[in-house]
Protein chains: 2
Amino acid sequence: MLTKLKNDLFIRACKKLPVERTPVWMMRQAGRFLPEYKAIREKADFLTLCKTPELASEVTIQPVDIIGVDAAIIFSDILVIPEAMGMNLELIESKGPVFEKPIRSEADFYELKNIEPFTDLKYVLDAVSLTKKELNNRVPLIGFSGSPWTLLTYMVEGGSSKNFLNVKSMIYNNPKLAHIILDKLALTVAGYLSAKIEAGADAVQIFDTWGGVLSQKDFREFSLNYIAKIIANIKRDNQPVIVFAKGVHHSLKEIVKAGADVVGVDWTMELNKARSEIGDKAALQGNMDPAMLFADYEVMKDEVKRILNSFGYGSGHIFNLGHGILPTTDPDKAKAFVNYVKEESVKYHKDLKRNLVS
Amino acid sequence: MLTKLKNDLFIRACKKLPVERTPVWMMRQAGRFLPEYKAIREKADFLTLCKTPELASEVTIQPVDIIGVDAAIIFSDILVIPEAMGMNLELIESKGPVFEKPIRSEADFYELKNIEPFTDLKYVLDAVSLTKKELNNRVPLIGFSGSPWTLLTYMVEGGSSKNFLNVKSMIYNNPKLAHIILDKLALTVAGYLSAKIEAGADAVQIFDTWGGVLSQKDFREFSLNYIAKIIANIKRDNQPVIVFAKGVHHSLKEIVKAGADVVGVDWTMELNKARSEIGDKAALQGNMDPAMLFADYEVMKDEVKRILNSFGYGSGHIFNLGHGILPTTDPDKAKAFVNYVKEESVKYHKDLKRNLVS
């Protein structure tokens with residue numbers, strides 16, 4: 001499969017193979033900030049967009065055409081899994097996602113149905129196959145899922161939360177139930193990501209947006225354990241698995257031990273420190289503050305330089321933001337960012353011998 | 001002054017002097033969660049409460065009487081400084097603080113007036129003196145301020161923020177203006193904390209609630225530099241200075257270098273790791289997740305044990321939450337927490353020789 005890709009920089013960097021320059025893409029690049037996306041959203045609400053493969057595919061490819069990123073990530077939402085399990089979901093962009101009936105008891109959980117991705121989430125897999133075809137191997141396609149812990153926070157809180165009191169109460173006071181649900185979610189996510197790979201995804205990313213609200217101990221028990229279980233259960237050839245857990249500065253090495261090929265890092269971590277911590281075992285993805293796309297061009301470029309320099313020479317870095325691109329980002333700024341990474345990173349890959357031993 | 005305090009465990013722990021047990025208090029213990037506080041708030045709005053020394057003093061002492069904490073912290077708000085500088089402030093508890101006219105330009109900044117604490121913030125200092133008198137040296141009294149960076153976020157955003165785009169745009173695109181304002185705020189805070197000490201505060205704490213939204217580089221340039229400037233300019237005898245910066249796992253040693261006697265840590269850091277990082281140079285304060293007060297009694301107690309054990313033997317630990325106590329916390333649970341810390345921590349201080357060399 002690798003040989004078919006015209007631009008396989010992203011895949012090579014995930015595997016720490018030599019590259020001519022650092023690949024770059026942006027979390028949440030599909031949807032959110034492009035006027036071309038907003039034009040499509042005028043005609044269809046968010047869930048309709050998720051559930052219509054032609055539209056999902058179109059917005060997935062937009063940043064490849066318009067911004068020039070080195071990877072596409074399928075347009076979807078992490079909450080399609082609990083929705084497919086039977087939880088009634090409203091996605092109100094101003095308010096965030098809301099589940100009509102959150103899970104608060106074992107009985108609530110047993111009402112959820114088992115899902116079979118090719119039946120219950122067929123629309124996502126159709127979007128993946130269609131996008132793969134439409135991309136025509138220009139760049140790799142990434143499939144993604146929320147982590148079991150992050151899914152659990154939404155399922156128990158019923159939506160976005162400030163203090164996570166309901167889900168934390170569950171892990172503190174009824175850890176057995178939390179583990180039953182997390183285990184179920186881990187197997188469901190593994191099946192879902194396997195199906196995305198079968199449908200054509202060249203890599204998958206697990207988003208643990210809310211891993212950082214836990215203590216180190218609880219992160220490892222209630223989040224990382226299940227990420228490890230997913231990775232162990234994904235059916236794949238050699239498609240890389242990226243794990244992005246925001247705010248978990250304490251567990252980078254443990255994320256690698258859990259099986260991640262690539263560790264995503266937010267902007268509060270320094271790439272040189274993260275690299276020396278995880279060593280040769282995995283690649284790194286990140287980590288410019290999305291707010292930096294609101295800085296003047298020269299300031300943003302200086303930050304790109306600083307981040308490239310912090311990672312240093314050799315392969316194993318996928319440039320990205322440290323979190324999702326913000327909806328009010330200027331597309332021209334995003335494009336300048338992507339172009340500058342491409343241009344400025346060449347010098348870090350010139351010495352291929354150095355590259356191979358780094 | 002130390003000899004006058006009947007319970008000086010908190011002060012001794014700040015200085016890493018031997019103690020019989022670990023002292024404990026809770027950030028935001030004054031106000032928020034006690035029914036006795038809520039009863040007073042029925043009669044007066046938040047700002048009136050801040051500005052009425054008798055009422056501020058009453059709610060400051062409530063947790064000493066009702067919960068049995070080892071230190072009182074004066075009831076106030078970090079935003080009284082910009083308010084005294086002339087920014088019109090509304091404190092709406094459901095919505096958070098709102099400044100009518102945020103600072104967005106140099107001209108906005110120059111409209112702010114210089115303040116003299118004993119004139120412009122007399123009500124806070126009167127509350128400190130009155131509380132000191134009413135406490136009758138039962139426990140020490142802590143004065144506090146927001147850090148310049150945290151104050152700047154509110155002054156520029158005009159209130160609470162999700163992505164801090166306005167204030168980040170300022171530090172990226174007009175760092176000169178940001179530095180002028182931060183420098184001004186540092187000197188203002190130093191004067192304010194000096195005045196609190198003069199009025200009777202036995203220790204002071206600087207809250208950098210939003211330090212963790214910055215990269216390591218920007219935290220050091222735009223936040224920690226000014227915390228260091230405050231500490232260098234506080235007029236004090238030997239009153240300890242505590243610095244609590246949430247989410248700055250990358251800079252504990254640097255906070256000590258900035259002059260902090262005590263480093264506050266949130267619950268995403270492990271005390272044993274933090275202790276080995278900062279060495280003998282400072283004490284640690286923290287770090288139980290406030291959500292743990294929603295766990296069952298035995299679960300909460302296990303967590304107290306784990307945290308005490310993580311710090312280990314010897315003085316230099318002030319037990320606290322890793323962030324402010326949540327408004328819906330059950331007072332009985334908070335009381336059980338404080339009692340359990342007192343009871344369980346004795347064994348970590350039994351061997352005084354060990355204590356002195358640790």
# chains A, B, ... in the order shown; residues from 1 in each chain; ligands from 1
$ interface_residues --of "chain B" --to "chain A" --cutoff "8 Å" --atoms "only C-alpha atoms" --output "number ranges by chain"
B: 163-165, 168-169, 172-173, 212-216, 248-250, 267-270, 289, 291-292, 294-296, 299
$ write_last_selection --atoms "N, CA and C atoms" --output "mmCIF file, in the first residue's frame"
data_model
loop_
_atom_site.group_PDB
_atom_site.id
_atom_site.type_symbol
_atom_site.label_atom_id
_atom_site.label_comp_id
_atom_site.auth_asym_id
_atom_site.auth_seq_id
_atom_site.Cartn_x
_atom_site.Cartn_y
_atom_site.Cartn_z
ATOM 1 N N ASN B 163 -10.098 29.954 24.926
ATOM 2 C CA ASN B 163 -8.876 29.799 24.133
ATOM 3 C C ASN B 163 -7.874 30.942 24.306
ATOM 4 N N PHE B 164 -8.241 31.974 25.066
ATOM 5 C CA PHE B 164 -7.324 33.071 25.395
ATOM 6 C C PHE B 164 -6.748 33.748 24.146
ATOM 7 N N LEU B 165 -7.595 33.865 23.107
ATOM 8 C CA LEU B 165 -7.086 34.392 21.842
ATOM 9 C C LEU B 165 -6.691 35.860 21.906
ATOM 10 N N LYS B 168 -3.410 36.069 24.102
ATOM 11 C CA LYS B 168 -2.295 35.430 23.383
ATOM 12 C C LYS B 168 -1.902 36.278 22.165
ATOM 13 N N SER B 169 -2.905 36.828 21.474
ATOM 14 C CA SER B 169 -2.572 37.717 20.360
ATOM 15 C C SER B 169 -1.719 38.878 20.858
ATOM 16 N N TYR B 172 1.847 37.657 21.499
ATOM 17 C CA TYR B 172 2.526 37.303 20.255
ATOM 18 C C TYR B 172 2.830 38.552 19.411
ATOM 19 N N ASN B 173 1.811 39.414 19.287
ATOM 20 C CA ASN B 173 1.914 40.485 18.293
ATOM 21 C C ASN B 173 2.328 41.828 18.874
ATOM 22 N N GLY B 212 -0.743 27.609 32.934
ATOM 23 C CA GLY B 212 -0.666 26.357 32.194
ATOM 24 C C GLY B 212 -1.229 26.410 30.785
ATOM 25 N N VAL B 213 -1.794 27.543 30.362
ATOM 26 C CA VAL B 213 -2.278 27.622 28.979
ATOM 27 C C VAL B 213 -1.174 28.085 28.037
ATOM 28 N N LEU B 214 -0.014 28.388 28.613
ATOM 29 C CA LEU B 214 1.120 28.852 27.802
ATOM 30 C C LEU B 214 2.124 27.719 27.577
ATOM 31 N N SER B 215 2.906 27.839 26.516
ATOM 32 C CA SER B 215 4.042 26.929 26.334
ATOM 33 C C SER B 215 5.060 27.227 27.438
ATOM 34 N N GLN B 216 5.973 26.306 27.640
ATOM 35 C CA GLN B 216 7.009 26.488 28.658
ATOM 36 C C GLN B 216 7.759 27.818 28.458
ATOM 37 N N VAL B 248 1.729 23.715 35.254
ATOM 38 C CA VAL B 248 3.077 24.047 34.777
ATOM 39 C C VAL B 248 4.093 23.007 35.255
ATOM 40 N N HIS B 249 3.772 21.761 34.990
ATOM 41 C CA HIS B 249 4.622 20.615 35.296
ATOM 42 C C HIS B 249 6.066 20.812 34.837
ATOM 43 N N HIS B 250 6.268 21.663 33.829
ATOM 44 C CA HIS B 250 7.599 21.821 33.228
ATOM 45 C C HIS B 250 8.513 22.772 33.986
ATOM 46 N N TRP B 267 -3.167 18.161 40.740
ATOM 47 C CA TRP B 267 -3.237 16.709 40.953
ATOM 48 C C TRP B 267 -2.702 15.900 39.774
ATOM 49 N N THR B 268 -2.234 16.574 38.721
ATOM 50 C CA THR B 268 -1.647 15.805 37.618
ATOM 51 C C THR B 268 -0.149 15.570 37.843
ATOM 52 N N MET B 269 0.372 16.103 38.957
ATOM 53 C CA MET B 269 1.786 15.859 39.251
ATOM 54 C C MET B 269 1.876 14.938 40.465
ATOM 55 N N GLU B 270 2.916 14.127 40.488
ATOM 56 C CA GLU B 270 3.123 13.232 41.627
ATOM 57 C C GLU B 270 4.051 13.929 42.624
ATOM 58 N N ASP B 289 -7.164 15.989 43.944
ATOM 59 C CA ASP B 289 -8.199 16.444 43.025
ATOM 60 C C ASP B 289 -9.441 16.863 43.827
ATOM 61 N N ALA B 291 -12.344 16.930 42.999
ATOM 62 C CA ALA B 291 -13.436 15.989 42.702
ATOM 63 C C ALA B 291 -13.390 14.786 43.637
ATOM 64 N N MET B 292 -12.219 14.531 44.263
ATOM 65 C CA MET B 292 -12.086 13.399 45.186
ATOM 66 C C MET B 292 -12.976 13.600 46.422
ATOM 67 N N PHE B 294 -15.930 14.114 46.201
ATOM 68 C CA PHE B 294 -17.213 13.531 45.797
ATOM 69 C C PHE B 294 -17.135 11.999 45.808
ATOM 70 N N ALA B 295 -15.977 11.489 46.207
ATOM 71 C CA ALA B 295 -15.815 10.039 46.331
ATOM 72 C C ALA B 295 -16.348 9.591 47.685
ATOM 73 N N ASP B 296 -16.629 8.304 47.812
ATOM 74 C CA ASP B 296 -17.032 7.757 49.110
ATOM 75 C C ASP B 296 -15.900 7.967 50.128
ATOM 76 N N VAL B 299 -12.744 5.766 49.838
ATOM 77 C CA VAL B 299 -11.970 6.041 48.621
ATOM 78 C C VAL B 299 -11.165 7.331 48.805
#
$ select_by_dssp --residues "region 196-238 of chain B" --states "helix (DSSP H, G or I)" --output "PyMOL selection string"
chain B and resi 196-199+211-213+216-233
$ closest_residue --among "A:Ile61, A:Leu49, A:Val189, A:Met87" --to "Glu116 (chain A)" --atoms "only C-alpha atoms"
A:Val189
$ closest_residue --among "B:Gly211, B:Pro327, B:Gly316, B:Gly68" --to "Ser94 (chain B)" --atoms "only C-alpha atoms"
B:Pro327
$ atom_distance --atom1 "CA of Ala199 (chain A)" --atom2 "CA of Gly264 (chain A)"
24.0 Å
$ residues_around --residues "Met27 (chain B)" --least-positions-apart "5" --cutoff "8 Å" --atoms "only C-alpha atoms" --output "PyMOL selection string"
chain B and resi 320-321+323-325
$ closest_residue --among "B:Lys253, B:Ala260, B:Val128, B:Ile142" --to "Glu277 (chain B)" --atoms "only C-alpha atoms"
B:Lys253
$ closest_residue --among "A:Ala232, A:Val19, A:Val98, A:Ile242" --to "Ser161 (chain A)" --atoms "only C-alpha atoms"
A:Val98
$ closest_residue --among "B:Gln29, B:Gln62, B:Asn7, B:Asn137" --to "Gly200 (chain B)" --atoms "only C-alpha atoms"
B:Asn137
$ residues_around --residues "Ile74 (chain B)" --least-positions-apart "4" --cutoff "9 Å" --atoms "only C-alpha atoms" --output "PyMOL selection string"
chain B and resi 30+56-57+59-61+124+127-128+131+141-144+201
$ write_last_selection --atoms "N, CA and C atoms" --output "mmCIF file, in the first residue's frame"
data_model
loop_
_atom_site.group_PDB
_atom_site.id
_atom_site.type_symbol
_atom_site.label_atom_id
_atom_site.label_comp_id
_atom_site.auth_asym_id
_atom_site.auth_seq_id
_atom_site.Cartn_x
_atom_site.Cartn_y
_atom_site.Cartn_z
ATOM 1 N N ALA B 30 -12.666 29.649 51.872
ATOM 2 C CA ALA B 30 -13.508 30.766 52.327
ATOM 3 C C ALA B 30 -14.462 31.106 51.198
ATOM 4 N N ALA B 56 -16.236 39.919 55.208
ATOM 5 C CA ALA B 56 -15.096 39.181 54.637
ATOM 6 C C ALA B 56 -14.379 38.413 55.742
ATOM 7 N N SER B 57 -14.242 39.066 56.880
ATOM 8 C CA SER B 57 -13.569 38.441 58.013
ATOM 9 C C SER B 57 -14.373 37.245 58.524
ATOM 10 N N VAL B 59 -16.496 35.279 56.898
ATOM 11 C CA VAL B 59 -16.436 34.095 56.030
ATOM 12 C C VAL B 59 -15.016 33.518 55.954
ATOM 13 N N THR B 60 -14.025 34.349 56.225
ATOM 14 C CA THR B 60 -12.635 33.850 56.263
ATOM 15 C C THR B 60 -12.435 32.875 57.421
ATOM 16 N N ILE B 61 -13.093 33.214 58.551
ATOM 17 C CA ILE B 61 -12.889 32.407 59.765
ATOM 18 C C ILE B 61 -13.784 31.162 59.787
ATOM 19 N N VAL B 124 -9.613 45.624 51.763
ATOM 20 C CA VAL B 124 -8.958 44.311 51.895
ATOM 21 C C VAL B 124 -8.046 44.315 53.127
ATOM 22 N N ALA B 127 -9.899 44.163 56.224
ATOM 23 C CA ALA B 127 -10.377 42.788 56.443
ATOM 24 C C ALA B 127 -9.247 41.928 57.009
ATOM 25 N N VAL B 128 -8.035 42.127 56.507
ATOM 26 C CA VAL B 128 -6.883 41.367 57.010
ATOM 27 C C VAL B 128 -6.643 41.689 58.493
ATOM 28 N N THR B 131 -9.458 40.323 60.650
ATOM 29 C CA THR B 131 -9.419 38.860 60.724
ATOM 30 C C THR B 131 -8.281 38.401 61.632
ATOM 31 N N LEU B 141 -2.788 33.456 59.040
ATOM 32 C CA LEU B 141 -3.660 34.045 58.021
ATOM 33 C C LEU B 141 -2.855 34.255 56.735
ATOM 34 N N ILE B 142 -3.401 33.754 55.638
ATOM 35 C CA ILE B 142 -2.739 33.881 54.331
ATOM 36 C C ILE B 142 -3.386 35.011 53.533
ATOM 37 N N GLY B 143 -2.543 35.863 52.951
ATOM 38 C CA GLY B 143 -3.032 36.861 51.995
ATOM 39 C C GLY B 143 -2.718 36.359 50.598
ATOM 40 N N PHE B 144 -3.429 36.832 49.590
ATOM 41 C CA PHE B 144 -3.137 36.315 48.245
ATOM 42 C C PHE B 144 -3.344 37.361 47.169
ATOM 43 N N ALA B 201 -0.876 39.637 57.558
ATOM 44 C CA ALA B 201 -0.831 38.302 56.929
ATOM 45 C C ALA B 201 0.464 37.588 57.314
#
$ residues_around --residues "region 176-182 of chain A" --least-positions-apart "4" --cutoff "8 Å" --atoms "only C-alpha atoms" --output "list in words"
Ser105, Glu106, Phe109, Pro148, Trp149, Leu152, Met170, Ile171, Ala186, Phe222 and Tyr226 of chain A
$ residues_around --residues "Asp280 (chain A)" --least-positions-apart "3" --cutoff "9 Å" --atoms "only C-alpha atoms" --output "number ranges by chain"
A: 16, 275-276, 283, 316, 358
$ closest_residue --among "B:Ile115, B:Val265, B:Ile255, B:Ala190" --to "Ile234 (chain B)" --atoms "only C-alpha atoms"
B:Ala190
$ residues_around --residues "Lys235 (chain B)" --least-positions-apart "3" --cutoff "9 Å" --atoms "only C-alpha atoms" --output "PDB file with C-alpha atoms, in the first residue's frame"
ATOM      1  CA  ALA B 190       4.227  43.356  45.210  1.00  0.00           C
ATOM      2  CA  GLY B 191       2.923  46.516  46.894  1.00  0.00           C
ATOM      3  CA  LEU B 193       1.074  41.735  49.113  1.00  0.00           C
ATOM      4  CA  SER B 194       3.537  43.844  51.157  1.00  0.00           C
ATOM      5  CA  ALA B 195       0.559  45.804  52.493  1.00  0.00           C
ATOM      6  CA  ILE B 197       1.811  41.453  55.330  1.00  0.00           C
ATOM      7  CA  GLU B 198       1.965  44.840  57.038  1.00  0.00           C
ATOM      8  CA  ILE B 231       8.782  38.014  45.212  1.00  0.00           C
ATOM      9  CA  ALA B 232      11.919  40.170  44.958  1.00  0.00           C
TER      10      ALA B 232
END
$ select_by_dssp --residues "region 79-126 of chain A" --states "strand (DSSP E)" --output "JSON, numbers by chain"
{"A": [89, 90, 91, 92, 96, 97, 98, 99]}
$ write_last_selection --atoms "N, CA and C atoms" --output "tab-separated table (two decimals), in the first residue's frame"
chain	number	residue	atom	x	y	z
A	89	LEU	N	-28.27	11.59	20.41
A	89	LEU	CA	-27.26	12.66	20.44
A	89	LEU	C	-27.75	13.90	19.70
A	90	GLU	N	-27.57	15.05	20.34
A	90	GLU	CA	-27.76	16.31	19.63
A	90	GLU	C	-26.42	17.02	19.57
A	91	LEU	N	-26.03	17.47	18.37
A	91	LEU	CA	-24.77	18.21	18.27
A	91	LEU	C	-25.09	19.67	17.98
A	92	ILE	N	-25.04	20.48	19.02
A	92	ILE	CA	-25.33	21.90	18.88
A	92	ILE	C	-23.98	22.61	18.98
A	96	GLY	N	-22.07	22.49	22.25
A	96	GLY	CA	-21.37	21.21	22.31
A	96	GLY	C	-22.37	20.08	22.24
A	97	PRO	N	-21.87	18.85	22.30
A	97	PRO	CA	-22.74	17.68	22.16
A	97	PRO	C	-23.56	17.44	23.42
A	98	VAL	N	-24.78	16.99	23.23
A	98	VAL	CA	-25.64	16.68	24.38
A	98	VAL	C	-26.30	15.32	24.16
A	99	PHE	N	-26.11	14.42	25.13
A	99	PHE	CA	-26.84	13.15	25.11
A	99	PHE	C	-28.10	13.30	25.94
$ atom_distance --atom1 "CA of Lys347 (chain B)" --atom2 "CA of Ser315 (chain B)"
11.6 Å
